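The block underneath contains the structure these notes are about, expressed in structure tokens.
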Amino acid sequence: MPVLVNLPTVLRPHAGGAKTVSSAGSTVGEVLTGLVGEYPGLSGQIIDSSGALHKFVNVYLNDDDVRYLSALDTPVKDSDEISILPAVAGGAVDPRVPRPS
Amino acid sequence: MLTLARLVHDQMVAHCLTGLPEEACGLLGGDPVTGEALTCYPTRNLAASAKLYTVDPKEHLRADRDAEAAGHAIIGVFHSHTHTEAYPSATDVAQAPDPEWHYVLVSLRDIQPVVRSYRIRGGTVTEEPVVLQSR
């Protein structure tokens, strides 16, 4: 069944510039795999080479982070909406050592 | 260039100071074309660390929706460096999620917080001017 997938700005160029696309599947993984099939430029950006969710993205089913559901095995239904956002992280490597100038 | 509404600047610095001794982080909503940050979205640091930060994904989703509803977008991220200067670390560069974003660093190393902003594209860091706008 088709569900809507909201893409982050950084991935939109790989989907013809679209902000929202439609893809079919009965689980989050099937929907995302279908999406990559339709837009090969997304390959490796959402699902990693081991077939797991890429660590640099967060995927939500409606309001929930799918990592706290059943990840790619989370079932989806018609009215659901999937959102993808970049994982935002970083930090100072060692707070005691300033960058050499 | 990043333009920070005065309130956004103050909320951002306050969130970083409140987060001590850990790093604090948040997102900036605004106009991606003009580089004007109009809304500060302080977020939880899921890493709960003085060295690392991870923006809470649920709060990111809420901020993204709020910005979209206001006709804006998330245009950048800020985080504090508690003991180092306001310059992106190797971790920050390696994990920069979007080349169009503004990467704001708030250094709390000295008495006065120091706010600086960068663009990070293809691993290259370029500082950009920060303009404070009174509203």
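Chain lettering (A, B, ...) mirrors the order of the structure tokens, residue numbering begins at 1 for each chain separately, and ligand numbering begins at 1 in order of display.
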>> Excluding region 90-92 of chain B and its own-chain neighbours fewer than 4 positions away, which residues fall within 12 Å of it when counting only C-alpha atoms? Please give them as a PyMOL selection string.
In response: (chain A and resi 88-94+99) or (chain B and resi 51-54+77-81+86+96-98+103-105+118-121+123-125)
Residues near Arg67 (chain A), anyone? I mean within 9 Å using only C-alpha atoms, not counting same-chain ones fewer than 4 positions away, as a compact mmCIF listing (two decimals) with all heavy atoms, in the first residue's frame.
```
# COMPACT_ATOMS: atom_id res chain seq x y z
N LEU A 53 19.09 0.29 8.87
CA LEU A 53 18.87 1.73 8.75
C LEU A 53 20.22 2.45 8.89
O LEU A 53 20.99 2.15 9.80
CB LEU A 53 17.93 2.15 9.89
CG LEU A 53 17.13 3.42 9.73
CD1 LEU A 53 16.36 3.42 8.42
CD2 LEU A 53 16.18 3.53 10.91
N ASN A 58 17.53 9.52 10.65
CA ASN A 58 16.48 9.07 11.56
C ASN A 58 15.21 8.93 10.73
O ASN A 58 14.91 9.79 9.89
CB ASN A 58 16.24 10.09 12.68
CG ASN A 58 17.44 10.19 13.60
OD1 ASN A 58 18.03 9.19 13.98
ND2 ASN A 58 17.82 11.41 13.94
N VAL A 59 14.51 7.84 10.94
CA VAL A 59 13.28 7.58 10.19
C VAL A 59 12.13 7.51 11.19
O VAL A 59 12.26 6.86 12.24
CB VAL A 59 13.39 6.28 9.37
CG1 VAL A 59 12.06 5.92 8.73
CG2 VAL A 59 14.46 6.42 8.29
N TYR A 60 11.06 8.20 10.87
CA TYR A 60 9.91 8.26 11.78
C TYR A 60 8.68 7.69 11.08
O TYR A 60 8.46 7.95 9.89
CB TYR A 60 9.59 9.71 12.15
CG TYR A 60 10.78 10.50 12.65
CD1 TYR A 60 11.65 11.11 11.75
CD2 TYR A 60 11.03 10.63 14.02
CE1 TYR A 60 12.74 11.84 12.19
CE2 TYR A 60 12.12 11.36 14.47
CZ TYR A 60 12.97 11.96 13.55
OH TYR A 60 14.05 12.69 13.99
N ALA A 71 12.10 -0.91 13.99
CA ALA A 71 13.03 -0.46 12.95
C ALA A 71 12.43 -0.72 11.56
O ALA A 71 11.27 -0.36 11.31
CB ALA A 71 14.40 -1.10 13.12
N LEU A 72 13.19 -1.36 10.67
CA LEU A 72 12.71 -1.55 9.30
C LEU A 72 11.55 -2.53 9.22
O LEU A 72 10.81 -2.57 8.23
CB LEU A 72 13.86 -2.01 8.41
CG LEU A 72 14.97 -0.97 8.20
CD1 LEU A 72 16.12 -1.56 7.40
CD2 LEU A 72 14.44 0.28 7.50
```
> If you count only C-alpha atoms, which residues fall within 6 Å of Thr3 (chain B), apart from same-chain ones fewer than 5 positions away, as a PyMOL selection string?
Replying inline: chain B and resi 36-37+130-132
> Hey, what does DSSP flag as alpha helix (DSSP H) within chain B? Can you give it to me as an MDAnalysis selection string?
Replying inline: chainID B and resid 6:19 57:69 90:94
> Taking into account only C-alpha atoms, which residue in the set A:Val57, A:Leu69, A:Leu42, A:Ile82 is nearest to Gly16 (chain A)?
Replying inline: A:Leu42
With a cut-off of 12 Å, could you pull out the residues of region 10-99 of chain A touching region 71-74 of chain B and give me the nearest pair of atoms for each, distance in Å to one decimal, using only C-alpha atoms, ordered by chain and ascending number, as CSV?
```
residue,atom,partner,partner_atom,distance
A:Val10,CA,B:Ile74,CA,11.6
A:Leu85,CA,B:Ile74,CA,10.7
A:Pro86,CA,B:Ile74,CA,11.2
A:Val88,CA,B:Ile74,CA,11.8
```
Written selection (N, CA and C atoms) as a compact mmCIF listing (two decimals), in the first residue's frame:
```
# COMPACT_ATOMS: atom_id res chain seq x y z
N VAL A 10 18.45 17.53 2.12
CA VAL A 10 19.71 16.99 1.58
C VAL A 10 19.47 15.80 0.65
N LEU A 85 14.84 12.33 8.47
CA LEU A 85 15.62 13.52 8.80
C LEU A 85 17.06 13.09 9.03
N PRO A 86 18.00 14.01 8.83
CA PRO A 86 19.38 13.64 9.12
C PRO A 86 19.58 13.48 10.63
N VAL A 88 21.57 14.35 13.72
CA VAL A 88 22.41 15.53 13.97
C VAL A 88 23.23 15.29 15.22
```
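One distance worth recording is that between CA of Ile84 (chain A) and CA of Asn6 (chain A), which is 6.1 Å.
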> Just how far from CA of Leu11 (chain A) is CA of Ser70 (chain A), in Å to one decimal?
Replying inline: 23.6 Å
> Between B:Gly26, B:Glu85, B:Cys40, B:Ala70, which has the minimum distance to Arg109 (chain B) (counting only C-alpha atoms)?
Replying inline: B:Glu85
>> Going by DSSP on the backbone, which residues of chain A come out as strand (DSSP E)? List them as a list of chain:residue names.
In response: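 In chain A, DSSP puts these residues in strand (DSSP E): A:Pro2, A:Val3, A:Leu4, A:Val5, A:Asn6, A:Thr20, A:Val21, A:Ser22, A:Ser23, A:Ala24, A:Val57, A:Asn58, A:Val59, A:Tyr60, A:Leu61, A:Asp64, A:Asp65, A:Glu81, A:Ile82, A:Ser83, A:Ile84, A:Leu85, A:Pro86, A:Ala89, A:Gly90, A:Gly91.
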Which residues, written as an mmCIF file with N, CA, C and O atoms, in the first residue's frame, have at least one atom at most 12 Å from Ser134 (chain B), with only C-alpha atoms counted and residues fewer than 5 positions away on the same chain left out?
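So the final result, stored in result.cif, reads:
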```cif
data_model
loop_
_atom_site.group_PDB
_atom_site.id
_atom_site.type_symbol
_atom_site.label_atom_id
_atom_site.label_comp_id
_atom_site.auth_asym_id
_atom_site.auth_seq_id
_atom_site.Cartn_x
_atom_site.Cartn_y
_atom_site.Cartn_z
ATOM 1 N N THR B 3 22.250 35.511 9.832
ATOM 2 C CA THR B 3 21.643 36.602 10.594
ATOM 3 C C THR B 3 20.856 35.989 11.738
ATOM 4 O O THR B 3 19.983 35.142 11.525
ATOM 5 N N LEU B 4 21.198 36.401 12.950
ATOM 6 C CA LEU B 4 20.516 35.877 14.133
ATOM 7 C C LEU B 4 19.637 36.958 14.733
ATOM 8 O O LEU B 4 20.133 38.045 15.065
ATOM 9 N N ALA B 5 18.346 36.657 14.843
ATOM 10 C CA ALA B 5 17.500 37.566 15.611
ATOM 11 C C ALA B 5 18.050 37.594 17.035
ATOM 12 O O ALA B 5 18.517 36.575 17.551
ATOM 13 N N ARG B 6 18.022 38.755 17.655
ATOM 14 C CA ARG B 6 18.621 38.920 18.986
ATOM 15 C C ARG B 6 18.088 37.874 19.969
ATOM 16 O O ARG B 6 18.833 37.279 20.746
ATOM 17 N N LEU B 7 16.778 37.645 19.909
ATOM 18 C CA LEU B 7 16.149 36.689 20.825
ATOM 19 C C LEU B 7 16.690 35.273 20.580
ATOM 20 O O LEU B 7 16.930 34.515 21.514
ATOM 21 N N VAL B 8 16.874 34.940 19.302
ATOM 22 C CA VAL B 8 17.401 33.611 18.956
ATOM 23 C C VAL B 8 18.802 33.450 19.533
ATOM 24 O O VAL B 8 19.141 32.426 20.125
ATOM 25 N N HIS B 9 19.619 34.486 19.365
ATOM 26 C CA HIS B 9 20.977 34.467 19.917
ATOM 27 C C HIS B 9 20.943 34.254 21.429
ATOM 28 O O HIS B 9 21.653 33.401 21.973
ATOM 29 N N ASP B 10 20.102 35.023 22.094
ATOM 30 C CA ASP B 10 20.074 34.959 23.554
ATOM 31 C C ASP B 10 19.552 33.607 24.048
ATOM 32 O O ASP B 10 20.072 33.048 25.017
ATOM 33 N N LEU B 38 15.292 32.722 12.665
ATOM 34 C CA LEU B 38 14.192 33.427 13.321
ATOM 35 C C LEU B 38 13.664 32.700 14.549
ATOM 36 O O LEU B 38 12.983 33.285 15.379
#
```
